[in-house]
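Asks: Below is the file start-v6.cif, with mmCIF, C-alpha atoms and all ligand atoms.
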data_target
#
loop_
_atom_site.label_atom_id
_atom_site.label_comp_id
_atom_site.auth_asym_id
_atom_site.auth_seq_id
_atom_site.Cartn_x
_atom_site.Cartn_y
_atom_site.Cartn_z
CA LEU B 1 11.78 -10.12 20.28
CA THR B 2 13.62 -9.77 16.99
CA PHE B 3 11.91 -10.88 13.77
CA LEU B 4 12.98 -11.25 10.20
CA GLY B 5 10.34 -10.06 7.72
CA ILE B 6 10.01 -11.24 4.13
CA GLU B 7 7.86 -9.50 1.49
CA SER B 8 7.49 -10.53 -2.16
CA SER B 9 3.80 -10.18 -2.98
CA CYS B 10 4.00 -7.52 -5.70
CA ASP B 11 6.93 -5.89 -7.49
CA ASP B 12 9.25 -5.23 -4.56
CA THR B 13 11.54 -7.86 -3.08
CA ALA B 14 12.12 -6.97 0.55
CA ALA B 15 13.60 -8.23 3.80
CA ALA B 16 13.87 -6.51 7.17
CA VAL B 17 14.86 -7.07 10.77
CA VAL B 18 12.64 -5.44 13.38
CA ARG B 19 12.55 -5.55 17.17
CA SER B 20 9.43 -5.64 19.30
CA ASP B 21 10.37 -2.23 20.76
CA GLY B 22 9.84 -0.78 17.27
CA THR B 23 13.50 -0.53 16.27
CA ILE B 24 13.99 -1.21 12.57
CA MET B 25 17.45 -2.75 12.55
CA ALA B 26 17.50 -3.22 8.78
CA SER B 27 15.11 -2.76 5.88
CA VAL B 28 16.10 -3.75 2.37
CA VAL B 29 13.75 -3.06 -0.55
CA GLU B 30 14.67 -3.99 -4.09
CA GLY B 31 12.25 -2.62 -6.65
CA GLN B 32 11.57 -4.17 -10.04
CA THR B 33 10.46 -1.05 -11.89
CA ALA B 34 13.23 -1.31 -14.47
CA LEU B 35 12.40 -4.97 -15.19
CA HIS B 36 8.77 -4.21 -16.01
CA ALA B 37 9.19 -0.77 -17.59
CA ALA B 38 9.18 -1.99 -21.18
CA PHE B 39 5.85 -3.81 -20.67
CA GLY B 40 3.79 -0.95 -19.27
CA GLY B 41 2.87 -2.86 -16.11
CA VAL B 42 3.98 -5.61 -13.76
CA VAL B 43 4.46 -8.92 -15.61
CA PRO B 44 3.70 -11.72 -13.11
CA GLU B 45 6.21 -14.22 -14.54
CA ILE B 46 9.03 -11.67 -14.53
CA ALA B 47 8.13 -10.62 -10.99
CA ALA B 48 8.08 -14.22 -9.76
CA ARG B 49 11.47 -14.99 -11.26
CA ALA B 50 13.03 -11.80 -9.88
CA HIS B 51 11.72 -12.56 -6.39
CA ALA B 52 13.03 -16.13 -6.57
CA GLU B 53 16.44 -14.85 -7.67
CA ARG B 54 16.79 -12.02 -5.20
CA LEU B 55 15.06 -13.01 -1.98
CA ASP B 56 18.09 -14.86 -0.58
CA THR B 57 20.41 -11.92 -1.06
CA CYS B 58 17.84 -9.49 0.35
CA VAL B 59 17.62 -11.58 3.52
CA GLU B 60 21.42 -11.82 3.73
CA GLN B 61 21.73 -8.06 3.26
CA ALA B 62 19.14 -7.36 5.95
CA LEU B 63 20.91 -9.64 8.43
CA THR B 64 24.28 -8.07 7.62
CA GLN B 65 22.87 -4.56 8.05
CA ALA B 66 21.37 -5.57 11.37
CA GLY B 67 24.64 -7.23 12.41
CA LEU B 68 22.80 -10.42 13.30
CA ALA B 69 22.91 -14.10 12.38
CA LEU B 70 19.78 -16.19 11.78
CA THR B 71 20.35 -17.77 15.19
CA ASP B 72 20.00 -14.36 16.88
CA LEU B 73 16.39 -14.09 15.67
CA ASP B 74 13.24 -15.02 17.57
CA GLY B 75 11.03 -15.60 14.56
CA ILE B 76 10.32 -15.24 10.87
CA ALA B 77 7.37 -13.36 9.40
CA VAL B 78 6.40 -13.72 5.78
CA THR B 79 3.73 -12.23 3.52
CA ALA B 80 1.40 -15.15 2.74
CA GLY B 81 -0.95 -13.10 0.53
CA PRO B 82 -2.73 -11.40 -1.10
CA GLY B 83 -0.68 -10.77 -4.21
CA LEU B 84 0.88 -12.32 -7.29
CA ILE B 85 1.00 -15.98 -6.44
CA GLY B 86 4.49 -16.65 -7.85
CA GLY B 87 6.05 -14.01 -5.66
CA VAL B 88 4.08 -14.94 -2.55
CA LEU B 89 5.09 -18.59 -3.03
CA SER B 90 8.78 -17.67 -3.28
CA GLY B 91 8.57 -15.83 0.03
CA VAL B 92 6.59 -18.55 1.81
CA MET B 93 8.95 -21.29 0.57
CA LEU B 94 11.99 -19.34 1.74
CA ALA B 95 10.41 -18.70 5.14
CA LYS B 96 9.57 -22.39 5.52
CA GLY B 97 13.11 -23.37 4.56
CA LEU B 98 14.62 -20.97 7.07
CA ALA B 99 12.17 -22.03 9.79
CA LEU B 100 12.92 -25.72 9.19
CA ALA B 101 16.67 -25.15 9.18
CA THR B 102 16.72 -23.01 12.32
CA GLY B 103 13.73 -24.24 14.29
CA LEU B 104 12.52 -20.64 14.55
CA PRO B 105 8.77 -19.96 14.76
CA MET B 106 7.16 -18.74 11.54
CA VAL B 107 4.16 -16.44 11.22
CA GLY B 108 2.26 -15.77 7.99
CA VAL B 109 1.15 -12.17 7.53
CA ASN B 110 -1.54 -10.63 5.35
CA HIS B 111 0.15 -7.91 3.28
CA LEU B 112 -2.72 -5.52 3.98
CA ALA B 113 -2.46 -6.18 7.71
CA GLY B 114 1.20 -5.23 7.38
CA HIS B 115 0.18 -1.84 5.96
CA ALA B 116 -2.62 -1.45 8.48
CA LEU B 117 -0.44 -2.12 11.54
CA THR B 118 2.43 0.15 10.43
CA PRO B 119 1.24 3.15 12.54
CA ARG B 120 1.74 0.97 15.61
CA LEU B 121 5.35 0.30 14.57
CA THR B 122 6.09 3.97 13.89
CA ASP B 123 3.97 5.68 16.55
CA GLY B 124 2.62 3.01 18.88
CA LEU B 125 -0.92 3.95 17.84
CA LYS B 126 -3.64 2.48 20.07
CA PHE B 127 -6.69 0.53 18.81
CA PRO B 128 -9.18 1.33 17.42
CA TYR B 129 -8.19 3.57 14.54
CA LEU B 130 -9.25 4.17 10.98
CA MET B 131 -6.81 3.27 8.24
CA LEU B 132 -7.05 4.60 4.71
CA LEU B 133 -4.97 2.40 2.46
CA VAL B 134 -4.39 4.08 -0.91
CA SER B 135 -1.80 2.63 -3.26
CA GLY B 136 -1.33 1.49 -6.82
CA GLY B 137 -3.22 -1.71 -6.14
CA HIS B 138 -5.45 -0.99 -3.16
CA CYS B 139 -7.98 1.50 -1.93
CA GLN B 140 -9.93 0.77 1.21
CA PHE B 141 -11.03 2.01 4.60
CA LEU B 142 -10.23 -0.36 7.44
CA ARG B 143 -11.37 -0.04 10.97
CA VAL B 144 -8.55 -1.60 12.99
CA ASP B 145 -9.64 -3.00 16.36
CA GLY B 146 -6.85 -5.45 17.02
CA VAL B 147 -3.92 -7.33 15.52
CA ASP B 148 -6.31 -9.66 13.68
CA ARG B 149 -9.46 -7.57 13.82
CA PHE B 150 -10.14 -5.51 10.75
CA THR B 151 -13.42 -4.29 9.33
CA ARG B 152 -13.50 -3.10 5.75
CA LEU B 153 -15.81 -0.09 5.63
CA GLY B 154 -15.62 0.44 1.89
CA GLY B 155 -13.20 1.04 -0.92
CA SER B 156 -12.80 1.52 -4.63
CA ILE B 157 -15.17 -0.52 -6.73
CA ASP B 158 -12.81 -0.24 -9.72
CA ASP B 159 -9.32 1.32 -10.05
CA ALA B 160 -7.13 2.18 -7.09
CA PRO B 161 -6.18 5.89 -7.02
CA GLY B 162 -2.50 5.15 -7.70
CA GLU B 163 -3.50 3.21 -10.80
CA ALA B 164 -5.64 6.18 -11.87
CA PHE B 165 -2.70 8.58 -11.35
CA ASP B 166 -0.51 6.27 -13.43
CA LYS B 167 -3.06 6.00 -16.24
CA VAL B 168 -3.68 9.76 -16.28
CA ALA B 169 0.08 10.30 -16.57
CA LYS B 170 0.12 7.91 -19.52
CA ILE B 171 -2.80 9.73 -21.19
CA LEU B 172 -1.02 13.07 -20.76
CA ALA B 173 2.41 11.71 -21.81
CA LEU B 174 3.95 12.29 -18.39
CA PRO B 175 6.61 9.98 -16.89
CA GLN B 176 5.80 6.94 -14.70
CA PRO B 177 5.10 6.50 -11.86
CA GLY B 178 2.26 8.88 -12.50
CA GLY B 179 1.63 10.09 -8.96
CA PRO B 180 4.68 12.33 -8.57
CA SER B 181 4.60 13.64 -12.15
CA VAL B 182 0.87 14.47 -12.08
CA GLN B 183 1.34 16.12 -8.69
CA ALA B 184 4.20 18.28 -10.04
CA GLU B 185 2.09 19.43 -13.02
CA ALA B 186 -0.95 19.99 -10.83
CA ALA B 187 1.06 22.33 -8.60
CA LEU B 188 1.28 24.72 -11.56
CA GLY B 189 -2.33 24.28 -12.66
CA ASP B 190 -5.76 25.70 -11.95
CA ALA B 191 -7.98 23.02 -10.41
CA LYS B 192 -11.13 25.06 -11.10
CA ARG B 193 -10.78 25.49 -14.86
CA PHE B 194 -12.09 22.06 -15.87
CA PRO B 195 -14.97 20.65 -13.84
CA LEU B 196 -14.59 16.89 -13.33
CA PRO B 197 -17.14 14.55 -11.72
CA ARG B 198 -16.93 13.46 -8.07
CA PRO B 199 -17.90 9.79 -8.54
CA LEU B 200 -20.20 8.14 -5.96
CA LEU B 201 -20.21 11.20 -3.66
CA ASP B 202 -23.97 11.34 -4.21
CA ARG B 203 -24.34 7.81 -2.85
CA PRO B 204 -24.26 6.84 0.79
CA GLY B 205 -21.47 4.68 2.17
CA CYS B 206 -17.72 4.64 1.78
CA ASP B 207 -17.33 3.06 -1.65
CA MET B 208 -15.41 5.01 -4.28
CA SER B 209 -14.80 4.86 -8.01
CA PHE B 210 -11.87 6.29 -9.96
CA SER B 211 -12.01 4.75 -13.42
CA GLY B 212 -14.59 7.29 -14.64
CA LEU B 213 -12.21 10.13 -13.76
CA LYS B 214 -9.56 8.57 -15.95
CA THR B 215 -12.01 8.43 -18.87
CA ALA B 216 -13.04 12.04 -18.21
CA VAL B 217 -9.36 13.06 -18.37
CA LEU B 218 -9.01 11.23 -21.69
CA ARG B 219 -11.97 13.21 -23.08
CA LEU B 220 -10.61 16.49 -21.72
CA ARG B 221 -7.26 15.84 -23.35
CA ASP B 222 -8.89 15.16 -26.70
CA THR B 223 -10.91 18.37 -26.45
CA CYS B 224 -7.77 20.37 -25.66
CA MET B 225 -5.61 18.77 -28.37
CA THR B 226 -4.42 21.33 -30.90
CA GLY B 227 -3.74 19.51 -34.14
CA LEU B 228 -0.01 19.29 -34.67
CA GLY B 229 0.90 21.22 -31.54
CA GLY B 230 -0.44 18.50 -29.22
CA LEU B 231 -1.43 19.50 -25.73
CA ARG B 232 -0.51 22.99 -24.48
CA ALA B 233 1.58 22.98 -21.31
CA GLN B 234 -0.96 25.02 -19.35
CA ASP B 235 -3.84 22.78 -20.45
CA ARG B 236 -1.93 19.75 -19.22
CA ARG B 237 -1.27 21.43 -15.86
CA ASP B 238 -4.91 22.42 -15.47
CA ILE B 239 -6.10 18.91 -16.33
CA CYS B 240 -3.70 17.44 -13.75
CA ALA B 241 -4.91 19.92 -11.11
CA ALA B 242 -8.55 19.09 -11.90
CA PHE B 243 -7.90 15.34 -11.67
CA GLN B 244 -5.91 15.54 -8.45
CA GLY B 245 -8.53 17.84 -6.94
CA ALA B 246 -11.30 15.39 -7.79
CA VAL B 247 -9.41 12.44 -6.26
CA ALA B 248 -8.63 14.47 -3.14
CA ASP B 249 -12.28 15.57 -2.83
CA VAL B 250 -13.61 12.03 -3.12
CA LEU B 251 -11.05 10.58 -0.69
CA THR B 252 -11.63 13.35 1.85
CA GLU B 253 -15.43 13.22 1.77
CA LYS B 254 -15.51 9.43 1.98
CA THR B 255 -13.00 9.56 4.84
CA ARG B 256 -15.34 11.93 6.66
CA ARG B 257 -18.13 9.37 6.26
CA ALA B 258 -15.92 6.47 7.35
CA LEU B 259 -14.89 8.43 10.44
CA LEU B 260 -18.56 9.05 11.30
CA THR B 261 -18.93 5.29 11.76
CA CYS B 262 -15.89 5.19 14.09
CA PRO B 263 -16.49 7.85 16.76
CA ASP B 264 -14.13 5.98 19.09
CA ALA B 265 -11.15 6.07 16.66
CA THR B 266 -7.91 7.37 18.21
CA ALA B 267 -6.63 8.58 14.84
CA LEU B 268 -6.87 8.51 11.08
CA ALA B 269 -3.81 6.80 9.63
CA VAL B 270 -2.86 6.51 5.96
CA ALA B 271 -0.65 4.07 4.07
CA GLY B 272 0.19 3.36 0.45
CA GLY B 273 2.10 5.34 -2.15
CA VAL B 274 -0.77 7.75 -2.85
CA ALA B 275 -0.57 8.90 0.78
CA ALA B 276 2.55 10.75 -0.38
CA ASN B 277 0.39 13.15 -2.40
CA VAL B 278 0.72 16.63 -0.88
CA GLU B 279 -2.78 17.76 -1.86
CA ILE B 280 -4.43 14.62 -0.47
CA ARG B 281 -2.36 14.87 2.70
CA ALA B 282 -3.27 18.53 3.16
CA ARG B 283 -6.98 17.83 2.71
CA LEU B 284 -6.96 14.88 5.13
CA THR B 285 -4.96 16.91 7.65
CA ALA B 286 -7.51 19.72 7.41
CA LEU B 287 -10.37 17.23 7.89
CA CYS B 288 -8.72 15.82 11.02
CA ASN B 289 -8.06 19.31 12.39
CA GLU B 290 -11.72 20.11 11.86
CA LEU B 291 -12.76 16.92 13.69
CA ASP B 292 -10.08 17.36 16.36
CA LEU B 293 -8.60 13.97 15.50
CA ARG B 294 -5.00 12.84 15.20
CA PHE B 295 -3.72 12.41 11.62
CA LEU B 296 -0.91 9.96 11.16
CA ALA B 297 1.13 9.36 8.03
CA PRO B 298 4.13 7.06 8.51
CA PRO B 299 7.36 7.96 6.66
CA LEU B 300 6.99 7.22 2.96
CA ALA B 301 9.45 4.30 2.97
CA LEU B 302 7.10 2.58 5.44
CA CYS B 303 3.94 3.63 3.57
CA THR B 304 4.95 1.83 0.38
CA ASP B 305 5.76 -1.87 0.15
CA ASN B 306 8.49 -2.97 2.58
CA ALA B 307 9.33 -5.91 4.83
CA ALA B 308 9.64 -3.97 8.10
CA MET B 309 5.83 -3.80 8.26
CA ILE B 310 5.68 -7.56 7.70
CA ALA B 311 8.23 -8.27 10.45
CA TRP B 312 6.27 -5.96 12.77
CA ALA B 313 2.89 -7.53 11.98
CA GLY B 314 4.53 -10.92 12.51
CA ILE B 315 5.74 -9.85 15.96
CA GLU B 316 2.28 -8.55 16.86
CA ARG B 317 0.59 -11.72 15.65
CA PHE B 318 3.16 -13.92 17.41
CA GLN B 319 2.66 -11.98 20.65
CA SER B 320 -1.07 -12.56 20.34
CA GLY B 321 -0.53 -16.31 20.04
CA ALA B 322 -0.34 -16.88 16.29
CA LEU B 323 2.03 -19.49 14.93
CA ASP B 324 2.06 -21.18 11.54
CA GLY B 325 3.51 -24.52 10.55
CA MET B 326 4.64 -26.08 7.30
CA GLU B 327 1.01 -26.15 6.16
CA LEU B 328 1.03 -22.34 5.73
CA VAL B 329 -0.43 -21.61 2.31
CA ALA B 330 0.27 -18.80 -0.13
CA ARG B 331 -2.96 -17.04 -1.05
CA PRO B 332 -3.44 -14.89 -4.14
CA ARG B 333 -6.64 -13.51 -2.56
CA TRP B 334 -7.08 -12.95 1.13
CA PRO B 335 -9.64 -10.41 2.30
CA LEU B 336 -8.64 -8.87 5.59
CA ASP B 337 -11.95 -9.36 7.34
CA GLN B 338 -11.37 -13.07 7.11
CA THR B 339 -9.62 -13.52 10.41
CA ALA B 340 -6.53 -15.45 11.33
CA PRO B 341 -7.75 -19.03 11.92
CA ALA B 342 -8.44 -19.43 8.21
CA LEU B 343 -4.72 -19.04 7.65
CA ILE B 344 -3.86 -22.25 9.43
CA GLY B 345 -4.85 -25.40 7.65
CA SER B 346 -4.83 -26.69 4.15
CA GLY B 347 -6.45 -23.62 2.61
CA LYS B 348 -9.49 -25.66 1.57
P1 LIG X 1 0.36 -2.23 -3.63
O1 LIG X 1 1.32 -1.85 -2.57
O2 LIG X 1 -1.04 -1.90 -3.31
O3 LIG X 1 0.52 -3.63 -4.10
P2 LIG X 1 1.86 -0.51 -5.40
O4 LIG X 1 3.11 -1.24 -5.16
O5 LIG X 1 1.57 -0.05 -6.77
O6 LIG X 1 0.61 -1.36 -4.93
P3 LIG X 1 2.74 1.64 -3.69
O7 LIG X 1 4.16 1.26 -3.92
O8 LIG X 1 2.25 1.77 -2.31
O9 LIG X 1 1.72 0.75 -4.46
O10 LIG X 1 2.47 3.04 -4.38
C1 LIG X 1 2.73 3.27 -5.76
C2 LIG X 1 1.60 4.11 -6.30
O11 LIG X 1 1.55 5.36 -5.60
C3 LIG X 1 1.78 4.43 -7.75
O12 LIG X 1 0.57 4.20 -8.42
C4 LIG X 1 2.15 5.91 -7.75
O13 LIG X 1 1.72 6.60 -8.90
C5 LIG X 1 1.43 6.41 -6.52
N1 LIG X 1 2.04 7.62 -5.99
C6 LIG X 1 3.32 7.81 -5.58
N2 LIG X 1 3.54 9.09 -5.22
C7 LIG X 1 2.37 9.75 -5.44
C8 LIG X 1 1.93 11.10 -5.29
N3 LIG X 1 2.77 12.05 -4.88
N4 LIG X 1 0.66 11.38 -5.62
C9 LIG X 1 -0.19 10.43 -6.04
N5 LIG X 1 0.16 9.15 -6.23
C10 LIG X 1 1.41 8.81 -5.92
FE FE X 2 1.33 -2.80 -0.60
#
As a first step, turn the structure in this file into structure tokens.
Ligand code: ATP
Ligand code: FE
Replies:
Amino acid sequence: LTFLGIESSCDDTAAAVVRSDGTIMASVVEGQTALHAAFGGVVPEIAARAHAERLDTCVEQALTQAGLALTDLDGIAVTAGPGLIGGVLSGVMLAKGLALATGLPMVGVNHLAGHALTPRLTDGLKFPYLMLLVSGGHCQFLRVDGVDRFTRLGGSIDDAPGEAFDKVAKILALPQPGGPSVQAEAALGDAKRFPLPRPLLDRPGCDMSFSGLKTAVLRLRDTCMTGLGGLRAQDRRDICAAFQGAVADVLTEKTRRALLTCPDATALAVAGGVAANVEIRARLTALCNELDLRFLAPPLALCTDNAAMIAWAGIERFQSGALDGMELVARPRWPLDQTAPALIGSGK
């Protein structure tokens, strides 16, 4: 099977062509960072317009890269939620148009399911496994038992870690996106100099909290500020190291707890931009070594938003019997534990 995938739920416009044997024939991702930069965050209206303007060309580019025509495809997969509704709608409308024009089957995909099934695309991972999804917008543990069988074991009750990295970078006057710049500073810092809290570690369960850490960093910065001189370089590095260490500690300890509830897991897999963090990766790798469990981190381009994961999830859903018609709805919210049948129908 060969599927076209369409993704437009956040600030990346993407299209991809993927085969059921796991070959990614094309994957086009067009970011919108420059469009939103001046506003200090993603502006939904700007995102929606950019998706509407660029989706067609992204799909054309993906088909050209793959050397295929629409008629060579076996199906179309599209992100039907969750996300910014304008963008999701653009994608769903395009998919419906293409499906109507070609007669190809169309499958709606939950964006989070796309992330969660990626280790099966890259490594053919077997069910069940534990997925830690950590990005700019999401933070959750998912037990993955099947193509449409996810159990959320816990997650952040406030900010996602990527959001916290970005805000900390802003507080410390470091460039955006914050993850890479905080990581670079932290590499030169002493994580032990400033003690930061480890939120919710004293509570049972897998829920996490990161907004308090951000506030703690703000306070630390103000304490370290030296009148006209601003923040000393070494203070900034030590604050970054302390923050990154705290995030890594919380994620690792909560992962240990999540894994305790899944003794039958074949692996721990990660996805999302924050999974690129070297400290977090090292800590999770060490945890898995200790527990004699496989640790799987897909290549970064497949960890962050892309359409190859959507095409793949579409193939998996299609193979398991899923098929959506013109009544497919775009959903701004769509918790993963709500299983597939809810997708078909009027959305009421
Ligand atoms: P979502 O995919 O959940 O809608 P998103 O598009 O913001 O949200 P991603 O593209 O997966 O998420 O990841 C971007 C986030 O990852 C940013 O917040 C960025 O700061 C963070 N990030 C990237 N690299 C690193 C790193 N090395 N360390 C920590 N965070 C990082
Ligand atoms: Fe995402």
Asks: Determine, counting all atoms listed in the file, which protein, DNA and RNA residues have an atom within 8 Å of an atom of Arg221 of chain B; residues of the same chain fewer than 2 positions away are not included. Present the result as a list in words.
Replies: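 My list of contacting residues is Ile171, Leu172, Val217, Leu218, Arg219, Thr223, Cys224, Met225, Leu231, Arg236 and Ile239 of chain B.
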Asks: Put those residues in a file: C-alpha atoms, as a compact mmCIF listing (two decimals), in the coordinates of the input.
Replies:
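The resulting part.txt:
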# COMPACT_ATOMS: atom_id res chain seq x y z
CA ILE B 171 -2.80 9.73 -21.19
CA LEU B 172 -1.02 13.07 -20.76
CA VAL B 217 -9.36 13.06 -18.37
CA LEU B 218 -9.01 11.23 -21.69
CA ARG B 219 -11.97 13.21 -23.08
CA THR B 223 -10.91 18.37 -26.45
CA CYS B 224 -7.77 20.37 -25.66
CA MET B 225 -5.61 18.77 -28.37
CA LEU B 231 -1.43 19.50 -25.73
CA ARG B 236 -1.93 19.75 -19.22
CA ILE B 239 -6.10 18.91 -16.33
Asks: Write out as a PyMOL selection string which residues come within 7 Å of Val17 of chain B when counting all atoms listed in the file, dropping same-chain ones fewer than 4 positions away.
Replies: chain B and resi 2-5+24-27+62-63+66+308+311
Asks: Keeping only C-alpha atoms, write the selected residues to a file as a compact mmCIF listing (two decimals), in the frame of the given file.
Replies:
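Produced file out-v6.txt, reproduced below:
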# COMPACT_ATOMS: atom_id res chain seq x y z
CA THR B 2 13.62 -9.77 16.99
CA PHE B 3 11.91 -10.88 13.77
CA LEU B 4 12.98 -11.25 10.20
CA GLY B 5 10.34 -10.06 7.72
CA ILE B 24 13.99 -1.21 12.57
CA MET B 25 17.45 -2.75 12.55
CA ALA B 26 17.50 -3.22 8.78
CA SER B 27 15.11 -2.76 5.88
CA ALA B 62 19.14 -7.36 5.95
CA LEU B 63 20.91 -9.64 8.43
CA ALA B 66 21.37 -5.57 11.37
CA ALA B 308 9.64 -3.97 8.10
CA ALA B 311 8.23 -8.27 10.45
Asks: Measuring atom to atom with all atoms listed in the file, identify which of B:Ser320, B:Thr151, B:Gln183, B:Asn306 is nearest to ligand FE 2 (chain X).
Replies: B:Asn306
Asks: Rank nothing, just name the residue among B:Gly83, B:Gly40, B:Gly155, B:Pro195 nearest to ligand FE 2 (chain X), using only C-alpha atoms and all ligand atoms.
Replies: B:Gly83
Asks: Just the residues within 8 Å of Ala330 of chain B, please, counting all atoms listed in the file, with nothing from its chain fewer than 2 positions along; format it as a ChimeraX atom specification.
Replies: /B:80-81,85,88-89,92,328,332
Asks: For ligand LIG 1 (chain X), list the contacting residues at 7 Å or closer, counting all atoms listed in the file, as a compact mmCIF listing (two decimals) with C-alpha atoms, in the frame of the given file.
Replies:
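After the write, selection_3.txt holds the following:
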# COMPACT_ATOMS: atom_id res chain seq x y z
CA CYS B 10 4.00 -7.52 -5.70
CA ASP B 11 6.93 -5.89 -7.49
CA SER B 135 -1.80 2.63 -3.26
CA GLY B 136 -1.33 1.49 -6.82
CA GLY B 137 -3.22 -1.71 -6.14
CA HIS B 138 -5.45 -0.99 -3.16
CA GLY B 162 -2.50 5.15 -7.70
CA GLU B 163 -3.50 3.21 -10.80
CA PHE B 165 -2.70 8.58 -11.35
CA ASP B 166 -0.51 6.27 -13.43
CA PRO B 177 5.10 6.50 -11.86
CA GLY B 178 2.26 8.88 -12.50
CA GLY B 179 1.63 10.09 -8.96
CA PRO B 180 4.68 12.33 -8.57
CA GLN B 183 1.34 16.12 -8.69
CA GLY B 272 0.19 3.36 0.45
CA GLY B 273 2.10 5.34 -2.15
CA VAL B 274 -0.77 7.75 -2.85
CA ALA B 275 -0.57 8.90 0.78
CA ALA B 276 2.55 10.75 -0.38
CA ASN B 277 0.39 13.15 -2.40
CA VAL B 278 0.72 16.63 -0.88
CA CYS B 303 3.94 3.63 3.57
CA THR B 304 4.95 1.83 0.38
CA ASP B 305 5.76 -1.87 0.15
Asks: Atom CA of Ala286 of chain B to atom CA of Arg256 of chain B: how many Å, to one decimal?
Replies: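 Between atom CA of Ala286 of chain B and atom CA of Arg256 of chain B the gap is 11.1 Å.
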Asks: How far is it from atom CA of Gly103 of chain B to atom CA of Met326 of chain B, in Å with one decimal?
Replies: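 Separation between atom CA of Gly103 of chain B and atom CA of Met326 of chain B: 11.6 Å.
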Asks: Would you mind telling me which residue in B:Pro44, B:Gly97, B:Gly87, B:Gly108 lies nearest to Leu323 of chain B when using all atoms listed in the file?
Replies: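 Using all atoms listed in the file, the shortest distance to Leu323 of chain B belongs to B:Gly108.
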Asks: Kindly give the distance, in Å, that separates atom CA of Gln140 of chain B and atom CA of Val43 of chain B, rounded to a single decimal.
Replies: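 So the two atoms, atom CA of Gln140 of chain B and atom CA of Val43 of chain B, lie 24.2 Å apart.
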Asks: So which one's closest to ligand FE 2 (chain X), B:Ala116, B:Arg143, B:Leu55, B:Arg331? Using all atoms listed in the file, please.
Replies: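 Result for the nearest residue to ligand FE 2 (chain X): B:Ala116.
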Asks: Counting all atoms listed in the file, which of B:Gly227, B:Gly325, B:Pro161, B:Gly314 gets nearest to Val78 of chain B?
Replies: B:Gly314
Asks: From the options B:Cys206, B:Val28, B:Ile46, B:Ala113, which residue's atoms come nearest to ligand FE 2 (chain X), counting all atoms listed in the file?
Replies: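 Using all atoms listed in the file, the shortest distance to ligand FE 2 (chain X) belongs to B:Ala113.
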Asks: Using 4 Å of padding on each side, determine the axis-aligned box around all atoms of segment 217-232 of chain B present in the file and give its centre and edge lengths in Å to one decimal, as AutoDock Vina command-line options.
Replies:
--center_x -5.5 --center_y 17.1 --center_z -26.5 --size_x 20.9 --size_y 19.8 --size_z 24.3
Asks: Fewer than 5 positions away in the same chain doesn't count, so skip those; otherwise give me all residues within 10 Å of Phe194 of chain B, counting all atoms listed in the file, as an NGL selection string.
Replies: :B and (217 or 220 or 235 or 238-243)
Asks: So that I can check the surroundings of Arg120 of chain B, please list as a list of chain:residue names every protein, DNA and RNA residue that reaches within 10 Å of it, counting only C-alpha atoms and ignoring chain neighbours fewer than 4 positions away.
Replies: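 After dropping sequence-adjacent residues, the list is B:Gly22, B:Ala116, B:Gly124, B:Leu125, B:Lys126, B:Phe127, B:Pro298, B:Met309, B:Trp312, B:Ala313, B:Glu316.
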